[in-house]
Amino acid sequence: MSRTTPRRRSRGALAVTLAAASLLISACGGSTGSKDPAVQKPVKPGQKVDLRFWSWVPGVDKAVDKWNATHPDIHVKLEKIPAGSSGGYAKMRAALKSGNAPDLAQVEYQEIPSFLLENGLVNLSQYGADKDRSKFVDWQWQQGVFDKAVYAIPQASGPMGLFYRSDLYKKWGIKPPATWEEFAQAAQKIHDADPKAYISTFPAGNSAWFTALAWQAGAKWFGVNGDTWTVNINSPQTLKVAAFWDDLRSKKVIKTEPDFANGWYKDLQSGAITSWVSAQWGDAIISGNAPQTAGKWAVAPMPQWTRGSNVSANWGGSSTAVLKGAGHIPEALKFAEWLNTDPTSVDLLLQGGYGWPAAADGYKGSSLDKPSSFFGGQKYNEVFAEADKSIDNSWKWIPTIDATYQHLNDGFQAALAGKGTFVSAVQQAQKQTVEDLKRKGLKVSTGQ
Amino acid sequence: MPTRAPRRRRNLAPVVFVAPFLLLFLLTFALPIGYAVYQSVMDVEHTGALGLGGSHTVFVGLGNYSDALSDHAFVRSIGRVLLFAAVQVPVMVALSAGLALLLDSASARGVRFFRAAFFLPYGVPGVIASILWGFLYVPGVSPLVDGMSHLGVSVDLLGGNNVLWSIANIVTWEFAGYNVLVLVAQLRTIPAELYEAARIDGASAWMTVRHVKLPLLRPALILTTVFTIIGTLQLFAEPLVLKPVSSSIDSAYTPNLSAYNEAFTNDNYHLAAAEAVLLALAAFVLSFGFLRLINKRGGDA
């Protein structure tokens with residue numbers, strides 16, 4: 001016996017190793033991507049359904065709690081993830097590839113086409129989503145519609161305006177700029193009045209912001225004609241915006257630090273950054289990161305390219321999408337509808353600062369529709385309500401928008417490092433974007 | 001019969017002992033590499049503007065490799081890590097060797113404390129270390145930058161060409177202690193008789209270092225050099241974490257960052273696989289090139 005024991009033990013160890021290895025193998029090969037609607041298990045009456053939901057929107061946890069308290073048969077498990085471009089989408093794409101995606105996820109409008117191209121979104125029209133169309137602002141609803149099918153339930157958008165430090169503007173005798181020309185003059189005046197103060201930063205690493213400015217200037221970067229994409233990033237309107245910021249940069253009257261970073265928050269607190277052309281959801285960013293500046297901010301309409309006109313743009317905007325592989329699509333859709341239309345839910349999301357509601361009539365009578373002490377008693381959302389009506393709603397996104405943002409970021413950053421200009425970065429991004437789409441095997445034409 | 005059984009058992013033993021390693025090696029190392037190589041020669045084709053007409057994977061040969069090598073940003077990123085390695089490897093090895101020799105010197109005090117202190121940063125995960133140093137680099141937040149600007153020295157640690165060396169500083173801080181430990185362990189294996197003999201022959205402390213310690217330290221020095229070469233080429237966490245606070249780190253700052261972005265941001269998994277294979281090849285060539293160079297010199301001596 002004693003002689004055979006070691007041998008047996010070694011065999012046992014081998015067996016354990018093999019078992020562990022086979023577990024590994026099955027873990028790798030077990031899950032197989034998307035499930036067909038036909039494979040969906042029907043829910044028996046009284047059966048509890050569990051849904052997984054990935055989001056980063058502030059306040060969404062409270063809305064989910066509310067849903068769980070009022071819907072005992074459908075339990076939503078919220079998993080907070082990093083904001084999309086900070087790693088959230090990377091996480092979702094990896095999960096989709098490994099067949100491990102959650103049922104629901106936060107997807108911004110500009111990302112919907114790229115998730116479609118990856119075959120990552122469920123066609124919600126097959127589950128009767130079209131009946132909800134009237135509950136939403138129409139252009140936001142259209143952001144989730146492709147080939148007449150609904151792929152995402154809209155949540156919020158970001159109509160733009162100008163946040164500014166009314167106390168400092170008053171101190172230096174500067175009026176909030178109504179045009180971009182006045183913006184440039186104000187930039188000079190502010191920097192002259194206090195060498196440490198700047199009107200704004202140019203966030204070279206955040207091209208989504210630049211895109212919104214080009215949108216306001218009347219650019220139409222992308223279009224689709226049949227199955228051919230048109231790319232027109234280097235239009236005169238975009239180049240005008242790029243040249244405008246090139247000029248401010250060369251005069252050194254703007255900062256060039258990244259936004260949404262520690263240094264920038266510090267500058268918001270100290271008054272080194274005195275204004276921010278931003279979306280409505282910027283209110284929560286300022287009040288959350290520079291609480292000591294309460295009462296000193298105000299909001300004006302976005303500066304205009306033509307005096308007297310009133311054109312705004314949209315920055316950000318988000319939807320709730322059902323990802324391929326979801327186990328219970330009808331229940332997931334039900335939750336997505338509730339989350340974005342139920343007045344209690346919308347109000348909880350508004351308190352978190354999720355943006356401008358996509359729900360029709362989400363603004364009137366909501367917590368947005370009140371004067372704010374942080375903004376010196378101004379009923380500042382009236383500015384954004386007005387802006388929301390003056391956005392070119394025909395703007396379209398391409399499935400490789402992230403790459404385009406990266407090209408612009410890289411080009412802008414190179415310009416800051418002394419290589420090229422913002423204008424040449426735009427020209428370069430045009431060429432690279434055409435290549436990106438071709439790489440995906442898509443048809444592309446340039447210009448109009 | 002009774003005599004054959006133990007023999008068979010002996011023959012089986014090495015296989016049994018190696019099997020767990022071999023199995024895990026195949027599963028977690030060889031298989032993923034093989035899969036990456038396979039992915040790198042394939043690509044996805046879509047039908048319709050949004051791929052709603054379906055998609056399928058096709059064989060493209062070396063197409064992804066030529067795409068990767070004709071991407072200026074990716075080629076620049078390789079150049080950047082090579083420059084980084086050219087500076088970082090000698091600095092790291094010299095610093096680690098210096099610290100290890102100090103710890104090992106006869107007159108060293110507080111050896112246990114310093115050994116632990118040197119090693120401590122290695123226990124801090126790379127991401128945390130980068131966040132930590134990030135705070136020390138951002139103007140307006142960093143006591144270092146603000147303190148220096150009070151003294152009239154304005155330096156942008158996150159800008160232009162500086163940021164690469166700011167990253168080098170983080171990497172050195174993180175890994176020097178680990179290399180010191182490897183070198184100290186090797187120094188401990190040198191028999192005391194050799195030192196005694198050196199002393200009897202009248203060798204000074206410096207001569208002992210030069211002619212006894214350093215030659216015997218060679219294997220460990222080679223090991224740490226190879227580790228450092230591979231480590232610097234794979235630079236990833238530090239630039240990724242510093243990217244949001246620096247305007248000078250682009251999406252393809254290092255080859256790994258480029259592959260990460262192609263895979264998880266642009267959904268070009270096949271291109272990313274090609275970039276990863278190219279990087280692995282570069283690390284392979286450099287590491288083995290270094291070993292060959294060393295062995296040749298060793299043979300000549």
# chains A, B, ... in the order shown; residues from 1 in each chain; ligands from 1
$ select_by_dssp --residues "stretch 346-407 of chain A" --states "strand (DSSP E or B)" --output "ChimeraX atom specification"
/A:356-357,359,372,378,391
$ interface_residues --of "chain A" --to "chain B" --cutoff "6 Å" --atoms "only C-alpha atoms" --output "list in words"
Ala90, Leu117, Asp227, Ala261, Gly263, Ala403, Asp410, Gln413, Ala417 and Gly441 of chain A
$ select_by_dssp --residues "stretch 193-331 of chain A" --states "helix (DSSP H, G or I)" --output "ChimeraX atom specification"
/A:193,207-216,236-250,262-270,282-289,291-293,329-331
$ write_last_selection --atoms "C-alpha atoms" --output "PDB file, in the first residue's frame"
ATOM      1  CA  ALA A 193      -7.298  91.988 -16.994  1.00  0.00           C
ATOM      2  CA  SER A 207     -12.835  66.257 -30.091  1.00  0.00           C
ATOM      3  CA  ALA A 208     -16.486  65.596 -29.298  1.00  0.00           C
ATOM      4  CA  TRP A 209     -16.537  69.195 -28.101  1.00  0.00           C
ATOM      5  CA  PHE A 210     -14.938  70.477 -31.300  1.00  0.00           C
ATOM      6  CA  THR A 211     -17.413  68.399 -33.305  1.00  0.00           C
ATOM      7  CA  ALA A 212     -20.303  70.174 -31.574  1.00  0.00           C
ATOM      8  CA  LEU A 213     -18.783  73.567 -32.457  1.00  0.00           C
ATOM      9  CA  ALA A 214     -18.493  72.503 -36.106  1.00  0.00           C
ATOM     10  CA  TRP A 215     -22.098  71.273 -35.956  1.00  0.00           C
ATOM     11  CA  GLN A 216     -23.168  74.741 -34.780  1.00  0.00           C
ATOM     12  CA  PRO A 236     -15.402  75.350 -45.074  1.00  0.00           C
ATOM     13  CA  GLN A 237     -17.589  75.538 -41.945  1.00  0.00           C
ATOM     14  CA  THR A 238     -15.315  73.177 -39.967  1.00  0.00           C
ATOM     15  CA  LEU A 239     -12.152  74.868 -41.218  1.00  0.00           C
ATOM     16  CA  LYS A 240     -13.578  78.222 -40.107  1.00  0.00           C
ATOM     17  CA  VAL A 241     -13.983  76.886 -36.549  1.00  0.00           C
ATOM     18  CA  ALA A 242     -10.497  75.337 -36.550  1.00  0.00           C
ATOM     19  CA  ALA A 243      -8.914  78.552 -37.836  1.00  0.00           C
ATOM     20  CA  PHE A 244     -10.772  80.556 -35.174  1.00  0.00           C
ATOM     21  CA  TRP A 245      -9.193  78.489 -32.369  1.00  0.00           C
ATOM     22  CA  ASP A 246      -5.827  78.429 -34.148  1.00  0.00           C
ATOM     23  CA  ASP A 247      -5.923  82.206 -33.966  1.00  0.00           C
ATOM     24  CA  LEU A 248      -6.764  82.312 -30.240  1.00  0.00           C
ATOM     25  CA  ARG A 249      -4.068  79.724 -29.590  1.00  0.00           C
ATOM     26  CA  SER A 250      -1.390  81.687 -31.407  1.00  0.00           C
ATOM     27  CA  ASN A 262      -7.773  67.730 -12.152  1.00  0.00           C
ATOM     28  CA  GLY A 263      -5.980  70.823 -13.397  1.00  0.00           C
ATOM     29  CA  TRP A 264      -9.086  72.027 -15.208  1.00  0.00           C
ATOM     30  CA  TYR A 265     -11.341  71.489 -12.164  1.00  0.00           C
ATOM     31  CA  LYS A 266      -8.837  73.453 -10.110  1.00  0.00           C
ATOM     32  CA  ASP A 267      -9.020  76.283 -12.657  1.00  0.00           C
ATOM     33  CA  LEU A 268     -12.830  76.279 -12.518  1.00  0.00           C
ATOM     34  CA  GLN A 269     -12.573  76.653  -8.749  1.00  0.00           C
ATOM     35  CA  SER A 270      -9.936  79.374  -8.786  1.00  0.00           C
ATOM     36  CA  GLY A 282     -22.304  71.027 -17.839  1.00  0.00           C
ATOM     37  CA  ASP A 283     -24.276  72.575 -14.953  1.00  0.00           C
ATOM     38  CA  ALA A 284     -23.749  69.469 -12.814  1.00  0.00           C
ATOM     39  CA  ILE A 285     -20.065  69.329 -13.776  1.00  0.00           C
ATOM     40  CA  ILE A 286     -19.473  72.907 -12.607  1.00  0.00           C
ATOM     41  CA  SER A 287     -21.611  72.776  -9.468  1.00  0.00           C
ATOM     42  CA  GLY A 288     -20.188  69.381  -8.537  1.00  0.00           C
ATOM     43  CA  ASN A 289     -16.530  70.256  -9.046  1.00  0.00           C
ATOM     44  CA  PRO A 291     -19.103  74.141  -5.321  1.00  0.00           C
ATOM     45  CA  GLN A 292     -17.341  77.137  -3.746  1.00  0.00           C
ATOM     46  CA  THR A 293     -18.182  79.239  -6.820  1.00  0.00           C
ATOM     47  CA  ILE A 329     -35.566  41.326 -24.358  1.00  0.00           C
ATOM     48  CA  PRO A 330     -39.243  42.294 -23.787  1.00  0.00           C
ATOM     49  CA  GLU A 331     -38.544  42.931 -20.099  1.00  0.00           C
TER      50      GLU A 331
END
$ residues_around --residues "B:Leu279" --least-positions-apart "5" --cutoff "10 Å" --atoms "only C-alpha atoms" --output "short mmCIF file (atom, residue, chain, number, x, y, z; two decimals) with N, CA and C atoms, in the first residue's frame"
data_model
loop_
_atom_site.label_atom_id
_atom_site.label_comp_id
_atom_site.auth_asym_id
_atom_site.auth_seq_id
_atom_site.Cartn_x
_atom_site.Cartn_y
_atom_site.Cartn_z
N ILE B 78 6.51 52.69 -32.22
CA ILE B 78 7.62 51.74 -32.07
C ILE B 78 8.92 52.50 -31.87
N ILE B 230 11.96 43.85 -22.34
CA ILE B 230 10.59 43.41 -22.63
C ILE B 230 9.58 44.35 -21.98
N LEU B 233 9.21 47.77 -23.84
CA LEU B 233 8.49 47.67 -25.12
C LEU B 233 6.99 47.55 -24.89
N GLN B 234 6.63 46.94 -23.76
CA GLN B 234 5.21 46.71 -23.50
C GLN B 234 4.56 47.85 -22.74
N PRO B 255 3.08 51.06 -28.82
CA PRO B 255 2.46 50.01 -29.65
C PRO B 255 1.31 49.30 -28.94
N ASN B 256 1.47 49.05 -27.63
CA ASN B 256 0.40 48.39 -26.89
C ASN B 256 -0.85 49.25 -26.81
N ALA B 259 -2.58 49.04 -30.13
CA ALA B 259 -3.31 47.78 -30.30
C ALA B 259 -4.58 47.78 -29.46
N ALA B 273 -4.50 42.48 -33.59
CA ALA B 273 -3.76 41.23 -33.47
C ALA B 273 -2.44 41.32 -34.23
N ALA B 274 -2.50 41.91 -35.43
CA ALA B 274 -1.28 42.06 -36.23
C ALA B 274 -0.28 42.95 -35.49
N PHE B 284 11.05 39.82 -29.09
CA PHE B 284 11.79 38.58 -29.29
C PHE B 284 13.16 38.87 -29.90
N VAL B 285 13.16 39.65 -30.98
CA VAL B 285 14.41 39.97 -31.68
C VAL B 285 15.37 40.71 -30.75
#
$ residues_around --residues "stretch 122-125 of chain B" --least-positions-apart "2" --cutoff "12 Å" --atoms "only C-alpha atoms" --output "list in words"
Arg115, Ala116, Ala117, Phe118, Phe119, Leu120, Val127, Ile128, Ala129, Ser130, Ile131, Leu132, Trp133, Ile170, Val171, Thr172, Trp173, Glu174, Phe175, Ala176, Gly177, Tyr178, Asn179, Val180, Leu181, Ala237 and Glu238 of chain B
$ residues_around --residues "A:Thr400" --least-positions-apart "3" --cutoff "12 Å" --atoms "only C-alpha atoms" --output "VMD selection string"
(chain A and resid 110 to 118 222 229 231 397 403 to 407 429 432 to 442) or (chain B and resid 49 to 50 262 265 to 268)
$ write_last_selection --atoms "N, CA, C and O atoms" --output "short mmCIF file (atom, residue, chain, number, x, y, z; two decimals), in the first residue's frame"
data_model
loop_
_atom_site.label_atom_id
_atom_site.label_comp_id
_atom_site.auth_asym_id
_atom_site.auth_seq_id
_atom_site.Cartn_x
_atom_site.Cartn_y
_atom_site.Cartn_z
N GLN A 110 -23.75 59.00 -30.77
CA GLN A 110 -22.73 58.88 -31.82
C GLN A 110 -22.17 57.47 -31.91
O GLN A 110 -21.53 57.11 -32.89
N GLU A 111 -22.40 56.65 -30.87
CA GLU A 111 -21.84 55.30 -30.86
C GLU A 111 -22.79 54.26 -31.43
O GLU A 111 -22.39 53.12 -31.68
N ILE A 112 -24.06 54.61 -31.59
CA ILE A 112 -25.05 53.61 -32.02
C ILE A 112 -24.64 52.96 -33.35
O ILE A 112 -24.64 51.74 -33.46
N PRO A 113 -24.24 53.76 -34.38
CA PRO A 113 -23.85 53.11 -35.64
C PRO A 113 -22.68 52.13 -35.48
O PRO A 113 -22.67 51.08 -36.12
N SER A 114 -21.72 52.44 -34.63
CA SER A 114 -20.57 51.53 -34.50
C SER A 114 -20.98 50.25 -33.79
O SER A 114 -20.51 49.17 -34.12
N PHE A 115 -21.88 50.36 -32.82
CA PHE A 115 -22.37 49.13 -32.18
C PHE A 115 -23.23 48.31 -33.14
O PHE A 115 -23.24 47.09 -33.09
N LEU A 116 -23.93 49.02 -34.06
CA LEU A 116 -24.72 48.30 -35.07
C LEU A 116 -23.80 47.51 -35.99
O LEU A 116 -24.05 46.36 -36.31
N LEU A 117 -22.72 48.17 -36.40
CA LEU A 117 -21.79 47.52 -37.33
C LEU A 117 -21.16 46.28 -36.69
O LEU A 117 -20.83 45.33 -37.38
N GLU A 118 -21.02 46.33 -35.37
CA GLU A 118 -20.48 45.16 -34.66
C GLU A 118 -21.55 44.14 -34.36
O GLU A 118 -21.30 43.16 -33.66
N PHE A 222 -21.11 63.96 -41.95
CA PHE A 222 -21.39 62.63 -42.48
C PHE A 222 -22.78 62.54 -43.08
O PHE A 222 -23.70 63.21 -42.64
N TRP A 229 -21.28 55.87 -47.65
CA TRP A 229 -21.13 56.97 -46.70
C TRP A 229 -20.48 58.16 -47.39
O TRP A 229 -19.61 57.99 -48.24
N VAL A 231 -18.22 61.55 -46.48
CA VAL A 231 -17.42 62.16 -45.41
C VAL A 231 -17.02 63.55 -45.85
O VAL A 231 -16.42 63.72 -46.91
N TRP A 397 -24.18 60.25 -37.74
CA TRP A 397 -22.92 59.70 -37.24
C TRP A 397 -22.50 58.52 -38.09
O TRP A 397 -23.34 57.83 -38.67
N ALA A 403 -12.69 56.55 -34.05
CA ALA A 403 -11.41 56.70 -34.74
C ALA A 403 -11.27 58.15 -35.22
O ALA A 403 -10.19 58.74 -35.11
N THR A 404 -12.36 58.73 -35.73
CA THR A 404 -12.31 60.12 -36.19
C THR A 404 -11.95 61.05 -35.03
O THR A 404 -11.10 61.94 -35.16
N TYR A 405 -12.59 60.83 -33.87
CA TYR A 405 -12.26 61.63 -32.69
C TYR A 405 -10.77 61.50 -32.38
O TYR A 405 -10.09 62.47 -32.05
N GLN A 406 -10.26 60.27 -32.47
CA GLN A 406 -8.85 60.05 -32.15
C GLN A 406 -7.94 60.78 -33.12
O GLN A 406 -6.94 61.38 -32.71
N HIS A 407 -8.30 60.74 -34.41
CA HIS A 407 -7.46 61.45 -35.39
C HIS A 407 -7.44 62.94 -35.08
O HIS A 407 -6.39 63.57 -35.13
N ALA A 429 -7.71 64.51 -40.61
CA ALA A 429 -8.78 63.64 -40.10
C ALA A 429 -9.74 63.23 -41.21
O ALA A 429 -10.28 62.13 -41.22
N GLN A 432 -8.04 60.40 -43.07
CA GLN A 432 -7.96 59.19 -42.24
C GLN A 432 -9.33 58.55 -42.04
O GLN A 432 -9.45 57.33 -42.01
N THR A 433 -10.36 59.39 -41.93
CA THR A 433 -11.71 58.85 -41.71
C THR A 433 -12.18 58.07 -42.93
O THR A 433 -12.81 57.01 -42.80
N VAL A 434 -11.87 58.58 -44.13
CA VAL A 434 -12.22 57.85 -45.35
C VAL A 434 -11.54 56.48 -45.34
O VAL A 434 -12.16 55.46 -45.64
N GLU A 435 -10.26 56.47 -44.90
CA GLU A 435 -9.53 55.20 -44.82
C GLU A 435 -10.16 54.25 -43.80
O GLU A 435 -10.27 53.04 -44.04
N ASP A 436 -10.57 54.82 -42.64
CA ASP A 436 -11.18 53.99 -41.59
C ASP A 436 -12.40 53.25 -42.13
O ASP A 436 -12.58 52.06 -41.87
N LEU A 437 -13.26 53.99 -42.84
CA LEU A 437 -14.50 53.38 -43.34
C LEU A 437 -14.17 52.32 -44.38
O LEU A 437 -14.79 51.25 -44.41
N LYS A 438 -13.18 52.62 -45.23
CA LYS A 438 -12.78 51.64 -46.25
C LYS A 438 -12.25 50.37 -45.58
O LYS A 438 -12.50 49.27 -46.03
N ARG A 439 -11.47 50.58 -44.52
CA ARG A 439 -10.92 49.45 -43.77
C ARG A 439 -12.00 48.48 -43.30
O ARG A 439 -11.81 47.29 -43.21
N LYS A 440 -13.16 49.09 -42.95
CA LYS A 440 -14.27 48.28 -42.47
C LYS A 440 -15.01 47.60 -43.62
O LYS A 440 -16.02 46.95 -43.42
N GLY A 441 -14.52 47.82 -44.84
CA GLY A 441 -15.18 47.24 -45.99
C GLY A 441 -16.43 48.00 -46.40
O GLY A 441 -17.32 47.45 -47.05
N LEU A 442 -16.53 49.28 -45.99
CA LEU A 442 -17.71 50.07 -46.33
C LEU A 442 -17.40 50.97 -47.51
O LEU A 442 -16.24 51.29 -47.78
N ALA B 49 -24.45 49.76 -45.49
CA ALA B 49 -23.77 50.88 -44.85
C ALA B 49 -23.54 50.65 -43.37
O ALA B 49 -22.58 51.12 -42.80
N LEU B 50 -24.44 49.92 -42.72
CA LEU B 50 -24.29 49.70 -41.29
C LEU B 50 -24.08 48.23 -40.98
O LEU B 50 -24.23 47.80 -39.85
N GLU B 262 -7.11 50.02 -31.22
CA GLU B 262 -7.65 49.40 -32.42
C GLU B 262 -8.66 48.32 -32.04
O GLU B 262 -9.71 48.18 -32.66
N THR B 265 -11.54 50.25 -29.09
CA THR B 265 -12.23 51.49 -29.43
C THR B 265 -12.71 51.44 -30.88
O THR B 265 -13.84 51.79 -31.17
N ASN B 266 -11.83 50.98 -31.77
CA ASN B 266 -12.19 51.00 -33.19
C ASN B 266 -12.71 49.66 -33.69
O ASN B 266 -13.05 49.54 -34.86
N ASP B 267 -12.72 48.67 -32.82
CA ASP B 267 -13.23 47.35 -33.19
C ASP B 267 -12.50 46.75 -34.39
O ASP B 267 -13.08 46.08 -35.21
N ASN B 268 -11.20 47.04 -34.50
CA ASN B 268 -10.39 46.41 -35.54
C ASN B 268 -9.53 45.33 -34.89
O ASN B 268 -8.32 45.45 -34.78
#
$ residues_around --residues "B:Val37" --least-positions-apart "4" --cutoff "7 Å" --atoms "only C-alpha atoms" --output "MDAnalysis selection string"
chainID B and resid 33 41 273 277
$ write_last_selection --atoms "N, CA, C and O atoms" --output "PDB file, in the first residue's frame"
ATOM      1  N   ILE B  33      -1.343  32.871 -28.302  1.00  0.00           N
ATOM      2  CA  ILE B  33      -0.435  33.407 -29.315  1.00  0.00           C
ATOM      3  C   ILE B  33      -0.843  32.880 -30.693  1.00  0.00           C
ATOM      4  O   ILE B  33      -0.959  33.637 -31.658  1.00  0.00           O
ATOM      5  N   VAL B  41      -4.323  37.350 -39.592  1.00  0.00           N
ATOM      6  CA  VAL B  41      -4.360  37.155 -41.050  1.00  0.00           C
ATOM      7  C   VAL B  41      -5.802  37.123 -41.573  1.00  0.00           C
ATOM      8  O   VAL B  41      -6.038  36.827 -42.735  1.00  0.00           O
ATOM      9  N   ALA B 273      -4.504  42.484 -33.594  1.00  0.00           N
ATOM     10  CA  ALA B 273      -3.756  41.231 -33.468  1.00  0.00           C
ATOM     11  C   ALA B 273      -2.444  41.323 -34.233  1.00  0.00           C
ATOM     12  O   ALA B 273      -1.393  40.903 -33.735  1.00  0.00           O
ATOM     13  N   VAL B 277       1.302  40.995 -32.672  1.00  0.00           N
ATOM     14  CA  VAL B 277       2.288  40.021 -33.150  1.00  0.00           C
ATOM     15  C   VAL B 277       3.594  40.740 -33.524  1.00  0.00           C
ATOM     16  O   VAL B 277       4.689  40.275 -33.196  1.00  0.00           O
TER      17      VAL B 277
END
$ closest_residue --among "A:Ser275, A:Asn100, A:Asn310, A:Ser134" --to "A:Ala178" --atoms "only C-alpha atoms"
A:Asn310
$ residues_around --residues "B:Leu157" --least-positions-apart "5" --cutoff "7 Å" --atoms "only C-alpha atoms" --output "JSON list (two decimals) with N, CA, C and O atoms, in the first residue's frame"
[["chain", "number", "residue", "atom", "x", "y", "z"],
["B", 137, "TYR", "N", 2.36, 65.49, -11.14],
["B", 137, "TYR", "CA", 2.77, 66.12, -12.40],
["B", 137, "TYR", "C", 1.84, 67.25, -12.83],
["B", 137, "TYR", "O", 2.24, 68.13, -13.59],
["B", 162, "ASN", "N", 8.61, 66.10, -22.70],
["B", 162, "ASN", "CA", 8.91, 65.78, -21.29],
["B", 162, "ASN", "C", 8.17, 64.56, -20.80],
["B", 162, "ASN", "O", 8.65, 63.81, -19.96],
["B", 163, "VAL", "N", 6.94, 64.37, -21.34],
["B", 163, "VAL", "CA", 6.06, 63.38, -20.72],
["B", 163, "VAL", "C", 6.65, 61.98, -20.80],
["B", 163, "VAL", "O", 6.47, 61.16, -19.90],
["B", 166, "SER", "N", 8.77, 61.67, -17.91],
["B", 166, "SER", "CA", 7.95, 61.57, -16.71],
["B", 166, "SER", "C", 7.46, 60.15, -16.53],
["B", 166, "SER", "O", 7.36, 59.64, -15.42]]
$ atom_distance --atom1 "atom CA of A:Ile190" --atom2 "atom CA of A:Glu386"
27.6 Å
$ atom_distance --atom1 "atom CA of B:Arg297" --atom2 "atom CA of B:Phe84"
25.0 Å
